[in-house]
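Here the structure comes first, spelled out in structure tokens, and everything after it is commentary.
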Amino acid sequence: MGDGERELSRLESRFEALWPIPRSITGPGFRESLEILRKDVPLDVEGVPSGTEVFDWEIPPEWRIREARLTGPDGDVYADFDETNLAVVNYSESVDERRTLDELDPHLHTLPRLPDTTPYVTSYYERDWGFCLPHETYESLPEGEYHAYIDSEFVDGELNYGHAVLEGESDREVLLSTYLCHPSLANNELSGPLVLTSLYRRLRDWDRRKFTYRFVVVPETIGSLAYLSRYGAHLRENVVGGLVLTCLGGPNDTLSYKRTRRGNALLDEVVRHLDEYTDAEFRFRPFDATGSDERQYCSPGFDLPVGQFARTVYDEYEGYHNSRDTKSFMGIAPLVESAETIERVLRNFERGGYYLNQNPYGEPMMSKRDLYPTVNDPAEGDGVGPDGYADGDRDLVTDMMRLLNYSDGSHSVVEIAEQYDASVETLAGPIDRLREVGLLEPADYTPDHSDRFELPAEEF
Amino acid sequence: MGDGERELSRLESRFEALWPIPRSITGPGFRESLEILRKDVPLDVEGVPSGTEVFDWEIPPEWRIREARLTGPDGDVYADFDETNLAVVNYSESVDERRTLDELDPHLHTLPRLPDTTPYVTSYYERDWGFCLPHETYESLPEGEYHAYIDSEFVDGELNYGHAVLEGESDREVLLSTYLCHPSLANNELSGPLVLTSLYRRLRDWDRRKFTYRFVVVPETIGSLAYLSRYGAHLRENVVGGLVLTCLGGPNDTLSYKRTRRGNALLDEVVRHLDEYTDAEFRFRPFDATGSDERQYCSPGFDLPVGQFARTVYDEYEGYHNSRDTKSFMGIAPLVESAETIERVLRNFERGGYYLNQNPYGEPMMSKRDLYPTVNDPAEGDGVGPDGYADGDRDLVTDMMRLLNYSDGSHSVVEIAEQYDASVETLAGPIDRLREVGLLEPADYTPDHSDRFELPAEEF
Amino acid sequence: MGDGERELSRLESRFEALWPIPRSITGPGFRESLEILRKDVPLDVEGVPSGTEVFDWEIPPEWRIREARLTGPDGDVYADFDETNLAVVNYSESVDERRTLDELDPHLHTLPRLPDTTPYVTSYYERDWGFCLPHETYESLPEGEYHAYIDSEFVDGELNYGHAVLEGESDREVLLSTYLCHPSLANNELSGPLVLTSLYRRLRDWDRRKFTYRFVVVPETIGSLAYLSRYGAHLRENVVGGLVLTCLGGPNDTLSYKRTRRGNALLDEVVRHLDEYTDAEFRFRPFDATGSDERQYCSPGFDLPVGQFARTVYDEYEGYHNSRDTKSFMGIAPLVESAETIERVLRNFERGGYYLNQNPYGEPMMSKRDLYPTVNDPAEGDGVGPDGYADGDRDLVTDMMRLLNYSDGSHSVVEIAEQYDASVETLAGPIDRLREVGLLEPADYTPDHSDRFELPAEEF
């Protein structure tokens with residue numbers, strides 16, 4: 001079995017383990033899911049107690065769900081948590097009541113536009129209860145008295161997240177974040193964590209990492225807020241680029257990149273560059289204040305240069321947030337393709353940044369480092385002349401000279417490459433040669449932040 | 001009589017009172033005119049003594065004119081100050097001489113291109129005297145001895161201006177300036193002060209004013225210089241936008257906006273934005289070092305972000321600076337239209353600026369402020385689902401999220417709106433909601449000034 | 001004989017004197033050549049001892065060549081230094097050996113693409129020896145034993161350069177640099193120094209020089225490095241613009257401008273402006289890290305705003321670096337044209353920069369300086385009215401007002417001119433008038449440098 005097959009098989013097995021778990025933003029289902037991811041990524045799991053204030057929010061109690069069932073006057077069960085996690089509104093409070101259909105109606109959720117499909121509904125921050133069912137079932141419900149039964153509990157516990165760090169040459173960090181809170185949704189939920197495990201394993205095996213990589217798995221929104229409340233100051237100081245991973249499977253061929261809030265951060269430039277100057281292809285979405293956890297990472301007080309990758313994007317497919325978002329819709333192979341492409345982006349993010357010429361006063365003497373032909377002979381261009389001093393490396397020399405001239409810490413390799421109509425990938429060789437002989441070193445790179453918002457000391 | 005009719009009637013009555021007064025840049029005619037404006041605007045009137053140095057200039061003496069008459073050999077009067085203020089060169093010295101036509105010729109001013117029209121001529125800064133008359137009259141003057149008689153006086157007095165302030169929530173100011181020195185010119189003179197009175201009354205009645213508004217009435221050029229010599233340091237510190245008002249009547253349908261010296265100040269952007277994103281239409285003129293008092297406000301040592309509004313623009317109509325510039329040419333109704341449009345611009349200047357998200361670390365929790373649906377149900381888009389949780393406000397929520405995300409003091413609402421192809425006017429509701437719940441506050445906004453010119457302490 | 005003929009004759013005579021000298025990057029040939037240039041430019045000649053470290057490089061020993069001859073088995077001489085300097089590889093070590101053709105082959109250099117032409121080959125930094133000959137000669141060489149004879153010597157001496165300064169009103173400098181090291185090449189070598197002499201004589205005769213001009217003659221690469229190692233800190237502090245002069249003759253009609261590293265320095269803008277707004281025409285090349293001494297001046301540690309002018313550009317003509325680059329190819333008349341055009345560029349570089357309005361608070365009073373008509377009469381445009389107050393200078397006044405308004409040290413005259421669709425040349429008159437009356441003074445102008453590289457104190 002080759003590497004590719006092994007990866008497919010590993011992802012398939014993780015998927016099967018994760019799928020049935022009744023997850024929510026807090027509680028045992030989330031912790032159990034993190035344990036499964038820990039088979040691949042050595043996540044540290046931390047907790048924030050219920051009731052803790054995180055910025056404008058408060059950590060909700062843990063929700064524990066045991067049973068949920070809607071039984072009709074005919075004894076038939078019309079919504080059953082045992083059959084699908086989606087049957088009950090996530091974060092429903094307990095109920096054990098007999099109601100007529102009219103009395104029940106405000107608690108029934110359906111999707112009229114897809115009559116055979118069960119929607120995914122939540123009510124985290126206001127106590128409520130409800131059942132989700134196909135609209136065609138809803139329309140055929142017989143009159144009479146129903147038994148609404150939900151056995152759930154809210155307990156003081158904690159919100160959990162997991163994170164792991166792969167160290168690199170520099171303390172500057174790349175943040176890779178995904179969420180893990182929706183139960184029984186494939187593309188919209190499990191694709192992100194699964195691709196994250198692939199990326200961890202790939203980056204772990206790189207020969208060298210210029211940056212440090214931080215892998216984060218949170219419940220969406222409240223989880224990234226909690227993470228920022230603990231690590232936001234560190235992230236604001238160190239993150240030079242980041243990605244939220246979501247919806248990375250499904251039928252679409254092309255990865256879709258949602259730009260960072262700045263729109264022209266180095267990461268944005270690298271993805272655009274790969275699209276324009278290599279065979280890689282991307283769709284692009286502008287930044288917007290809607291979406292996933294980039295809403296928190298890119299909030300104005302943090303303004304991290306975090307983009308988002310998706311493939312079959314939320315809100316753009318009819319199976320979004322309903323029972324059609326299954327493993328067969330998502331597929332496993334697309335996850336591997338997503339991981340491969342994102343790995344390529346990250347490689348070029350490392351290459352495409354800022355360097356410092358270590359000998360910036362005049363040109364370095366290339367020939368004493370065997371980087372230049374020692375005899376200047378105009379036979380160049382003719383291939384090998386009768387003198388034997390071939391000059392096949394002249395393009396390499398030119399590339400090195402250009403890199404050296406512009407590597408003053410304020411021109412990125414993306415800019416240098418494009419100035420000469422080349423791609424960052426073709427400059428990988430010259431960069432490596434120059435680093436080997438000590439003429440080029442990465443420049444430290446801190447993104448600018450608005451100075452309007454000082455981080456509040458008490459939060460950290 | 002409705003509001004509109006009342007405004008027309010008020011402006012008509014003020015026009016009739018102002019028209020016959022023999023005004024100049026100093027003297028009793030200017031003071032008398034200010035008194036008429038004080039019926040509508042509580043102007044404080046201040047004076048700068050004759051002989052005072054203002055920057056590179058000196059306040060001239062007051063000019064007092066009693067009589068001026070050119071009598072021919074036949075006893076006919078060919079130019080008569082009693083008939084029109086324009087008959088005498090403004091700031092003429094006294095004369096009581098008998099001259100032949102040849103000797104007189106250097107003192108006669110006509111407009112050959114409009115033979116039936118009397119030009120408006122001044123000689124403020126060099127002693128001279130003269131008469132203005134239609135060219136056709138000039139050409140039919142009989143030979144013989146003429147009596148040139150001007151009874152005028154130069155006395156030490158003062159230059160006057162009037163100003164009034166409408167306070168707002170912020171000390172940051174909007175400057176509205178117009179001039180009042182030409183006698184018997186309608187569009188080129190009285191339209192500006194009359195529109196200023198309408199704007200004062202309109203802005204006085206606003207529910208809230210974000211900015212403080214300063215209304216200034218000066219004699220052109222020397223008056224704005226004098227005003228700057230007293231208030232320039234304050235203006236440079238506080239003015240975030242301003243307008244010179246001139247030529248606001250006449251046959252043209254569209255207001256013409258002359259950009260500020262910077263060309264891309266917030267005010268410039270707001271007018272451009274209204275033109276591009278709403279039903280408002282404007283003509284645009286680039287900044288130039290010719291024109292009206294914006295030449296002084298935008299001189300490099302002050303560099304205030306002051307634009308200019310005109311309708312039938314000086315230099316672009318044949319009646320400019322001559323006896324064709326009458327009330328019937330100007331009209332009263334166009335003044336009301338000008339005031340309405342400028343009021344709209346100012347409303348959007350207030351809205352379109354910079355705000356600060358008061359909860360910039362992560363998203364604010366919208367649902368606890370009733371700004372967000374508490375149940376997340378994918379039925380959105382279908383209108384009201386069977387669950388009763390309609391989501392008709394989702395666009396409002398999106399607009400609020402966008403405003404919050406980008407309100408970091410460095411993105412104007414104009415920029416935020418255009419990023420999402422919306423107009424500032426459509427964001428008025430979301431801005432108001434966010435201000436009500438305390439999530440958004442105006443950011444303090446000081447325009448940058450060139451630091452090459454420190455204000456000379458002795459001037460202020 | 002007119003000035004033009006005298007210049008042609010002077011250049012012709014200098015060419016004839018310089019052509020036969022066996023020059024290299026060091027040694028007596030270079031010094032002898034500098035002496036010839038000193039007839040026109042009072043160059044100070046300085047030396048840097050062999051073995052001195054200059055940045056990453058080391059000054060090589062002086063090369064002294066006496067004889068070089070390749071004699072065939074038939075007694076024929078196939079390459080002879082007495083006939084052409086190009087016959088021997090520049091910096092060849094001594095040799096006195098008998099070799100077969102096969103053994104000799106690695107030391108023979110030809111140009112297969114131009115079989116009748118001798119190439120120019122050097123080996124400065126690795127000991128080697130060789131002969132250069134036409135490829136057709138090479139192909140007809142008889143089998144047998146050859147006598148390779150080179151009588152040369154490497155001695156501790158010095159590398160030399162010459163420089164001269166023409167002082168101006170300001171210490172800010174314009175650098176004009178050319179190289180003088182290739183023997184017996186006309187366009188590629190002697191055109192630059194010859195044009196430099198013309199420019200020196202022209203600029204010396206200007207009525208006033210706003211800037212100080214520095215004329216530098218070096219051996220290429222190692223010479224500019226040596227010059228920077230002595231004067232780099234001074235240049236970085238003072239150079240506001242500069243030009244490398246090379247290849248300024250030949251058949252091309254148009255001067256080709258290679259932009260500075262910044263691409264938008266004031267000098268770049270001036271050349272672009274002349275091309276767009278006047279009858280001057282240029283070709284443009286982007287900056288590249290290949291070329292002549294601008295590679296050193298524009299290295300990131302110095303980043304001087306230095307461009308390059310060429311006419312028939314190196315690498316673009318088949319006679320480049322070979323025996324076809326003769327006086328008849330180069331011509332003398334094109335050198336005069338080049339000098340004229342570059343002089344025009346420099347005049348406009350002086351005019352086109354930054355000025356400071358000396359009376360920036362409000363407009364200056366123009367009439368008290370006789371810069372403005374004292375009577376404002378609308379007859380303007382009709383030419384002279386009956387009043388005798390013509391207004392033919394109104395355009396001059398407008399130009400002066402525009403210059404004054406924008407002369408705040410941050411708008412160049414290039415920008416001001418283009419804002420009003422005018423050329424810098426048409427503003428020469430208004431600038432002069434305003435300087436005469438003391439209203440305008442040149443602003444000090446230091447180009448920004450990257451602050452990533454501090455100049456190493458020990459080098460200077």
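FYI, nothing fancy with the structure tokens labels: chains A, B, ... in order, residues from 1 per chain, ligands from 1 as they appear.
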
Handout entry: Per-residue DSSP, region 218-406 of chain C, filtered to helix (DSSP H, G or I), as a PyMOL selection string
Key = chain C and resi 222-238+266-277+294-297+327-330+333-351+367-369+394-406

Exercise for the section: Might you pull out every residue within 10 Å of region 177-180 of chain B, with only C-alpha atoms counted and same-chain residues fewer than 3 positions away left off, and present them as a ChimeraX atom specification? Expected result: /B:18,23-25,29-31,33-34,161,163,174,183,188-196,214-221,223-224,242-246,292-294,297,306,308

Practice task
Fewer than 3 positions away in the same chain doesn't count, so skip those; otherwise give me all residues within 12 Å of Tyr317 (chain C), counting only C-alpha atoms, as a ChimeraX atom specification.
Solution key: /C:187-188,247,249-252,311-314,320-322,324-325,329-330

Take the residues just selected and output them with C-alpha atoms as a PDB file, in the first residue's frame.
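That gives us out19.pdb:
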ATOM      1  CA  ASN C 187      30.875  52.421 -28.192  1.00  0.00           C
ATOM      2  CA  ASN C 188      31.168  50.062 -25.252  1.00  0.00           C
ATOM      3  CA  CYS C 247      27.385  52.932 -24.915  1.00  0.00           C
ATOM      4  CA  GLY C 249      27.159  56.245 -29.610  1.00  0.00           C
ATOM      5  CA  GLY C 250      26.208  53.925 -32.425  1.00  0.00           C
ATOM      6  CA  PRO C 251      23.379  53.847 -34.925  1.00  0.00           C
ATOM      7  CA  ASN C 252      20.356  54.107 -32.590  1.00  0.00           C
ATOM      8  CA  ARG C 311      22.087  54.719 -26.872  1.00  0.00           C
ATOM      9  CA  THR C 312      23.161  51.585 -28.694  1.00  0.00           C
ATOM     10  CA  VAL C 313      22.905  49.351 -25.676  1.00  0.00           C
ATOM     11  CA  TYR C 314      25.398  46.605 -24.693  1.00  0.00           C
ATOM     12  CA  TYR C 320      29.280  44.235 -28.385  1.00  0.00           C
ATOM     13  CA  HIS C 321      32.541  43.049 -26.784  1.00  0.00           C
ATOM     14  CA  ASN C 322      34.322  42.312 -30.004  1.00  0.00           C
ATOM     15  CA  ARG C 324      33.445  45.289 -34.590  1.00  0.00           C
ATOM     16  CA  ASP C 325      32.996  47.960 -31.900  1.00  0.00           C
ATOM     17  CA  PHE C 329      30.433  52.018 -35.679  1.00  0.00           C
ATOM     18  CA  MET C 330      30.185  54.432 -32.756  1.00  0.00           C
TER      19      MET C 330
END

Exercise for the section: Within 10 Å of region 336-339 of chain C, counting only C-alpha atoms, which residues show up once you throw out same-chain ones fewer than 3 positions away? Write them as a VMD selection string, please. Expected result: chain C and resid 4 7 to 8 11 191 to 192 194 to 200 202 245 248 to 249 253 to 255 309 to 311 331 to 333 342 to 345

Practice task
Please run DSSP on the backbone and report, as an MDAnalysis selection string, all residues within region 71-165 of chain B that come out as strand (DSSP E).
Solution key: chainID B and resid 71 77:80 95:100 108:109 131:132 145:155 158:165
